[in-house]
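Q: This structure is in structure tokens; I'll ask about it shortly.
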Amino acid sequence: MSAQTYKKFESAGSSDLPDKMTIYQDCMNTFNESPVSAKRCRLLISRLLRLLSSGETFPQTEATALFFSISKLFQHQNDSLRQVVYLAIKELSGISEDVLMATSSIMKDVQNGSDIVKPNAIRALTYVLDESTAFSAERLLKNAVVSKNQSVSSAALCTAYNLLPISEVTIKRFSNEAQEAIMEVKTAPMSARSEFVSKAPHITQYHALGLVYELKRNDKMALMKLIQQCSDGFVLKNQFARMELMKIVNDLIHRDTQLFAQFQQLFNVWLQDRSSLVSLETAKTITTFAIAHPRLVSPDLFATTVNVLRKLMNEFNCGAKLGAVKVVNKMAMVSPEKVAVCNPELESLLSMSNKELATFAITTLLKTSNEDNISNLIGRITEFVHKVSDDFKITVIEAIRTLSLKFPKEWKVIIKFLIDVLKNSEGAAKFKSSVVEAIIDIVAFVPQSKELALESLCDFIEDCEYNEVLVRVLHLLGKEGPSTSNPSLYVRHIFNRVVLENSIIRSAAVIALSKFALTKNDPTLKDSIVSLLNRISNDTDDEVRDRATISLKLLGSEHSFAKDLVQSKYYYDLNSLESKLTTYISTNEDSFKTPFDVSQIRKFSEDEMKAIELKHKQDRVFKSTDNDESGNRDAIAPATVSTNKRKDNDTYKGADLHEHEQDLLESKYADELSGMEEFKEFGKLINSSKVTPLTESEAEFVVRAVKHVFKDNIVLQFNITNTLVDVALDNVSVVCSAEDPENSRLEELFTLPIERLAPAGESACYVAFKKSTDTVMKGFLNTLHFTTRELNPDTHEPFEDDEGFQDEYEIDSLFLNAGDYIKSSFVGNFEATFDQLPNEEVAVYNIQEDLSLQEVIDKLVLNTSCLPLSNTQFAPTDSSSHVLKLFGKSALMGTKVALVIKMIKSSKGVALKAQCRTEDATLCADIVNNLM
Amino acid sequence: MGNYFSSMFDRLWGANRELRILILGLDGAGKTTILYRLQIGEVVTTKPTIGFNVETLNYKNLKLNVWDLGGQTSIRPYWRCYYADTAAVIFVVDSTDRDRMATAAKELHLMLQEEELQDAALLVFANKQDQPGALSASDVSKELNLVELKDRSWSIVASSAIRGEGITEGLDWLIDVIKEEQM
Ligand SMILES: Nc1nc2c(ncn2[C@@H]2O[C@H](COP(=O)(O)OP(=O)(O)O)[C@@H](O)[C@H]2O)c(=O)[nH]1
Ligand SMILES: [Mg+2]
């Protein structure tokens, strides 16, 4: 449909909206009349604004025409008309072209307008100025910033803040004026509106602080000075300004943790601030910091903070309550025992009529609860859930879902709750499916729960109206049912669906059914499934028939390959599959005569897949703590510059590993490697390590390494970035020398150097080895070798006569350790598995370095490449000892590896006792002796 | 008494009628200076006009709605958005700017071809006469090829916005023409 068509009454509910085309015509006529009728124009603009605010928009040409005709209203000196004109300019500036035509007129209002329109005019500058015109408003804006009138000064500060990304050069020159505005006490203009203005006395301080921070962001000393000046006595009269200052403190202490101690005094005072906004922000700052650096926050300060949070939860003000619950919730994710004292307050919030607040309190309580009170709590939640809307239900279900990972032993209570909600609570598909997903999770990670869950789900699907939910359940039944004690039970339920439901569900049921034909514990089942499938092959629906027919074919086949298709044991790495498919389609040379080679794609076994999923889930729980932080630097910016996402959002995140990117990188590297001729004869890539940096990230040449393991070979990949501006590197290679070359079981085969590395370029050099035994552990000393070539700045080619000269560059060592031969893997009942493994080795470590338990745990997880289970990857905050449980499988042989590592922290360091059990004898000692 | 008469005149000349007048010309010719000379009778310090200035002023019992549009190359394309209902165009030329006479001539003739301006009277100010080396009004007239203009009342007046010379003379002529032709 062309952009030029208009539809009257386009969407339901908008019928009371004025018609777009009529408004447009009326505007064009009325605004161009002479003389202008202020009253009629005002009315029309408000109708136009209503249209725009309801989501309507105009094509660019019409928007521009509107903008021009509205700009003509500047000829009329009437303040109330002018105010709506400014509103219209703001709305239209996003969709109209050539908004700069209003610039001179706006600047005139900034200079000579009445007190009422001046702030409007100043704010409008944000929309019309660009990089080339901003400087022409500099003088005007600066004068406005230092104005005694609070509204004028505030408007100017906000405009400067918003112009910063548009014209940094100009706004950089504002820092003196802005600094002045922080310290100066402004007056609100006396007018009919003074009542309104006085609600935010001294708001300029807040806006000025925001601007100064943006300008001085990278100047730590200046920020320290700023904080010092502002925290002195009663300088900051505005509560938002004090809150903003606390955010600056927060930024600084995350950049330099040692600064925390310096602000102790400020924290203590502002925790008790008369404004709950300020005490809340202070509490938030302290707890966020305590999560990342528990040792740097004194127990006293922490206790005071928790008390303040409890007080805030008792406040009358809902905002303060909500803010406090959010902070407590975040804390509860990492150290629930520290905030468990808040439980009485949290419980009192459960009965609040504000459901958002109550929901938050529940999700928090679920975290602070322990095995003793969890079932009691779930009882209360059951009542609550039946009464609230779907959105809140879903939030609660999500919380319960993560709870099941935390208290696997409580699975019965949790499953009962979920089933009850599923059957008895009204709700739409999205809610039902969130419950089903939660159950699926529990089945996956708590194997004992399987039969109860599946049976309850069978009941549920007898009477379920949502296709998508039914299909999910049928899939689960097909996947898990065959390995239960009584598979035929499920077959009956599934077949009922085939008889009773629509074709979508019938199709799903066929696939589920066919999986039961492969059941090991009940060989008689195969015949009944085959006869059922035979009946279904007469179905009226094509898809259902096709599925039945193909299933029969596969089941009848002698190839084990066919069976794999029915009940797949492997999952493809979707990232890699996607990229390979894209290449396949784009490089098609023989109109797809060569079939796509799926054997190139990385595959994961069921347990590996679970390990990956579990890890993602755990990450999500903890990353989500940070999400609501992002964007809070934009707090004082009006919506205008939302496109300009600030770079520093990460400052608030702790050690965010960007897991997803990491995964993508891994499959990218693996893809690149398996595509290279040189490595073809090494066979299939078995395992790749995480990316290890070998230089500082600010070095001239940034090097990062990945270790790849093949059956008989090792390939070290060095990714090298040349950060020099006008020098190219030729023939770049890495020389790796083994630490003890005499008894090396590795033989270097060849190096693939980088021919030329252009400035700012990144490329990989590979070094390949042959290994004589399965697992070889080794340290490498590495040096970068290359020839530098000066580049001619005009041609970007090396100078002809420049031979270049050879150079070397030392980089960090790289260690090939036991973990490189292990893939993390999931196991449902760790203890039982551990007890069954035949080989055991024990090693004891004494770590002298001053590391926290958490740091030790992180290192162990990284070095062993194992999956931490039962949430043992989190160090307790209230105890100096911990037991870490790790599980993985040998990448080469697929044999199991389980570790129980006990650790105790004392004043002398951390002592470790590691017990390693494996299926395969050789691996055991290697792992346990290479932990740190 | 005066008020009484003026309101009587208003009624005679069509009640409350406002006259739209555009001031056009290349950047730096003195348009903004002329506008404010007319409105407040003083010389103001100007900055290049990004967009336009519009002022309403009373002149000889008439309400004039005067639009001073920016003259930079980037803004000239927008002049046409303001042509509708225009009674007269005042075209200002910097008489010392010999290099850009041709450009000024081109812009002037381009503008006068516009349908919406067919009935508009034209007043040209050969401005900055106070400067040494300024072209005379008749030289400017030649440069601008004014004699070629048919079917339109036009006049060229030597002016200095800084000294306030020639401005009222020009405007007087313009008002007379408008009264004769359009009222
Ligand atoms: N000497 C002289 N300077 C003038 C005269 N009129 C304007 N100017 C100057 O020319 C410059 C540009 O004037 P301005 O009104 O901004 O030109 P515009 O771009 O056409 O609006 C300013 O520095 C004025 O002071 C004049 O009659 N004589
Ligand atoms: Mg001007």
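Every chain in the structure tokens has a letter given in the order shown (A, B, ...), and although residue numbers restart at 1 in each chain, ligands are simply numbered from 1 in the order shown.
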Would you tabulate, counting only C-alpha atoms and all ligand atoms, all residues of chain B that have an atom at most 8 Å from an atom of ligand 2, showing the closest pair of atoms and their distance in Å to one decimal, sorted by chain then ascending number, as a Markdown table?

A:
| residue | atom | partner | partner_atom_place_in_ligand_line | distance |
| --- | --- | --- | --- | --- |
| B:Asp27 | CA | ligand 2 | 1 (Mg) | 6.6 |
| B:Gly28 | CA | ligand 2 | 1 (Mg) | 6.7 |
| B:Gly30 | CA | ligand 2 | 1 (Mg) | 6.8 |
| B:Lys31 | CA | ligand 2 | 1 (Mg) | 5.4 |
| B:Thr32 | CA | ligand 2 | 1 (Mg) | 4.2 |
| B:Thr33 | CA | ligand 2 | 1 (Mg) | 7.3 |
| B:Thr46 | CA | ligand 2 | 1 (Mg) | 6.9 |
| B:Lys47 | CA | ligand 2 | 1 (Mg) | 6.7 |
| B:Pro48 | CA | ligand 2 | 1 (Mg) | 5.1 |
| B:Thr49 | CA | ligand 2 | 1 (Mg) | 4.1 |
| B:Ile50 | CA | ligand 2 | 1 (Mg) | 7.8 |
| B:Phe52 | CA | ligand 2 | 1 (Mg) | 7.5 |
| B:Asn53 | CA | ligand 2 | 1 (Mg) | 7.9 |
| B:Asp68 | CA | ligand 2 | 1 (Mg) | 6.7 |
| B:Leu69 | CA | ligand 2 | 1 (Mg) | 6.7 |
| B:Gly70 | CA | ligand 2 | 1 (Mg) | 5.1 |
| B:Gly71 | CA | ligand 2 | 1 (Mg) | 6.8 |

Q: Residues of chain A near chain B: apply a cut-off of 7 Å, count only C-alpha atoms, and supply the list as a PyMOL selection string.

A: chain A and resi 34-35+75+100-105

Q: CA of Ser147 in chain A and atom 13 (O, counted along the ligand's line) of ligand 1 are how many Å apart?

A: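 Interatomic distance here is 28.7 Å.
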
Q: Fewer than 2 positions away in the same chain doesn't count, so skip those; otherwise give me all residues within 12 Å of Ser733 in chain A, counting only C-alpha atoms, as JSON, numbers by chain.

A: {"A": [703, 716, 717, 718, 719, 720, 729, 730, 731, 735, 736, 750, 751, 752, 753, 754, 755, 756, 757, 763, 764, 765, 766, 767, 782, 783, 784, 785, 786, 787, 806, 807, 808, 809]}

Q: Of the residues B:Val157, B:Ile34, B:Leu122, B:Ile178, which is the one nearest to ligand 1, using only C-alpha atoms and all ligand atoms?

A: B:Ile34

Q: List the spatial neighbours of Tyr83 in chain B as a list of chain:residue names - criterion: any atom at most 10 Å away, only C-alpha atoms, same-chain residues fewer than 2 positions off excluded.

A: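 Returned residues: B:Arg20, B:Ile21, B:Leu22, B:Tyr78, B:Trp79, B:Arg80, B:Cys81, B:Asp85, B:Thr86, B:Ala87, B:Ala88, B:Val89, B:Met111, B:Glu114, B:Glu115, B:Glu116, B:Leu117, B:Ala120.
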
Q: Please, what distance in Å, to one decimal, runs between CA of Ser93 in chain A and CA of Leu73 in chain A?

A: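 Between CA of Ser93 in chain A and CA of Leu73 in chain A the gap is 15.9 Å.
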
Q: Would you please give, as a list in words, all residues of range 844-925 of chain A that DSSP assigns to alpha helix (DSSP H) based on the backbone?

A: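 Taking range 844-925 of chain A and keeping alpha helix (DSSP H) gives Leu853, Gln854, Glu855, Val856, Ile857, Asp858, Lys859, Leu860, Val861, Leu862, Asn863, Thr864, Ala921, Thr922, Leu923, Cys924 and Ala925 of chain A.
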
Q: Go through range 55-116 of chain B and collect every residue that DSSP, computed from the backbone, puts in strand (DSSP E or B); the answer should be as a list in words.

A: Glu55, Thr56, Leu57, Asn58, Tyr59, Leu62, Lys63, Leu64, Asn65, Val66, Trp67, Asp68, Leu69, Ala88, Val89, Ile90, Phe91, Val92, Val93 and Asp94 of chain B

Q: For range 788-801 of chain A, please output as a list in words all residues within 6 Å (counting only C-alpha atoms; exclusion window: fewer than 3 positions along the same chain).

A: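 These residues fall inside the cut-off: Asp726, Val727, Ala728, Leu729, Gly804 and Phe805 of chain A.
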
Q: So what do you get for CA of Leu664 in chain A versus CA of Lys330 in chain A, distance-wise?

A: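 Result for CA of Leu664 in chain A versus CA of Lys330 in chain A: 28.3 Å, one decimal.
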
Q: Residues near Glu543 in chain A, anyone? I mean within 12 Å using only C-alpha atoms, not counting same-chain ones fewer than 6 positions away, as a list in words.

A: Asn502, Ser503, Ile504, Ile505, Arg506, Ser507, Ala508, Ala509, Val510, Ile511, Ile536, Ser537, Thr549 and Ile550 of chain A

Q: Selected residues, N, CA and C atoms, written as a PDB file, in the first residue's frame, please.

A:
ATOM      1  N   ASN A 502      -7.343 -31.636  16.553  1.00  0.00           N
ATOM      2  CA  ASN A 502      -7.175 -31.096  15.198  1.00  0.00           C
ATOM      3  C   ASN A 502      -5.846 -31.558  14.583  1.00  0.00           C
ATOM      4  N   SER A 503      -5.626 -31.203  13.332  1.00  0.00           N
ATOM      5  CA  SER A 503      -4.510 -31.786  12.589  1.00  0.00           C
ATOM      6  C   SER A 503      -3.142 -31.356  13.127  1.00  0.00           C
ATOM      7  N   ILE A 504      -3.044 -30.144  13.659  1.00  0.00           N
ATOM      8  CA  ILE A 504      -1.746 -29.692  14.195  1.00  0.00           C
ATOM      9  C   ILE A 504      -1.326 -30.624  15.326  1.00  0.00           C
ATOM     10  N   ILE A 505      -2.280 -30.880  16.209  1.00  0.00           N
ATOM     11  CA  ILE A 505      -1.973 -31.713  17.366  1.00  0.00           C
ATOM     12  C   ILE A 505      -1.795 -33.165  16.942  1.00  0.00           C
ATOM     13  N   ARG A 506      -2.592 -33.587  15.997  1.00  0.00           N
ATOM     14  CA  ARG A 506      -2.432 -34.964  15.519  1.00  0.00           C
ATOM     15  C   ARG A 506      -1.013 -35.171  14.971  1.00  0.00           C
ATOM     16  N   SER A 507      -0.525 -34.170  14.206  1.00  0.00           N
ATOM     17  CA  SER A 507       0.821 -34.311  13.655  1.00  0.00           C
ATOM     18  C   SER A 507       1.854 -34.457  14.751  1.00  0.00           C
ATOM     19  N   ALA A 508       1.730 -33.615  15.769  1.00  0.00           N
ATOM     20  CA  ALA A 508       2.687 -33.677  16.869  1.00  0.00           C
ATOM     21  C   ALA A 508       2.584 -35.023  17.581  1.00  0.00           C
ATOM     22  N   ALA A 509       1.358 -35.506  17.718  1.00  0.00           N
ATOM     23  CA  ALA A 509       1.151 -36.768  18.421  1.00  0.00           C
ATOM     24  C   ALA A 509       1.792 -37.930  17.665  1.00  0.00           C
ATOM     25  N   VAL A 510       1.735 -37.882  16.329  1.00  0.00           N
ATOM     26  CA  VAL A 510       2.331 -38.951  15.536  1.00  0.00           C
ATOM     27  C   VAL A 510       3.821 -39.071  15.827  1.00  0.00           C
ATOM     28  N   ILE A 511       4.488 -37.914  15.839  1.00  0.00           N
ATOM     29  CA  ILE A 511       5.930 -37.931  16.082  1.00  0.00           C
ATOM     30  C   ILE A 511       6.217 -38.471  17.477  1.00  0.00           C
ATOM     31  N   ILE A 536      -3.125 -44.578  11.467  1.00  0.00           N
ATOM     32  CA  ILE A 536      -3.078 -43.126  11.243  1.00  0.00           C
ATOM     33  C   ILE A 536      -2.747 -42.796   9.787  1.00  0.00           C
ATOM     34  N   SER A 537      -2.051 -43.700   9.101  1.00  0.00           N
ATOM     35  CA  SER A 537      -1.686 -43.353   7.715  1.00  0.00           C
ATOM     36  C   SER A 537      -2.912 -43.205   6.814  1.00  0.00           C
ATOM     37  N   THR A 549       3.506 -42.032   7.707  1.00  0.00           N
ATOM     38  CA  THR A 549       4.153 -42.860   6.703  1.00  0.00           C
ATOM     39  C   THR A 549       5.662 -42.837   6.864  1.00  0.00           C
ATOM     40  N   ILE A 550       6.209 -41.649   7.036  1.00  0.00           N
ATOM     41  CA  ILE A 550       7.663 -41.539   7.141  1.00  0.00           C
ATOM     42  C   ILE A 550       8.157 -42.206   8.420  1.00  0.00           C
TER      43      ILE A 550
END

Q: Which residues are close to Ala898 in chain A, i.e. within 7 Å by only C-alpha atoms, leaving aside same-chain residues fewer than 6 positions away? Reply as a ChimeraX atom specification.

A: /A:834,886-888,916-918
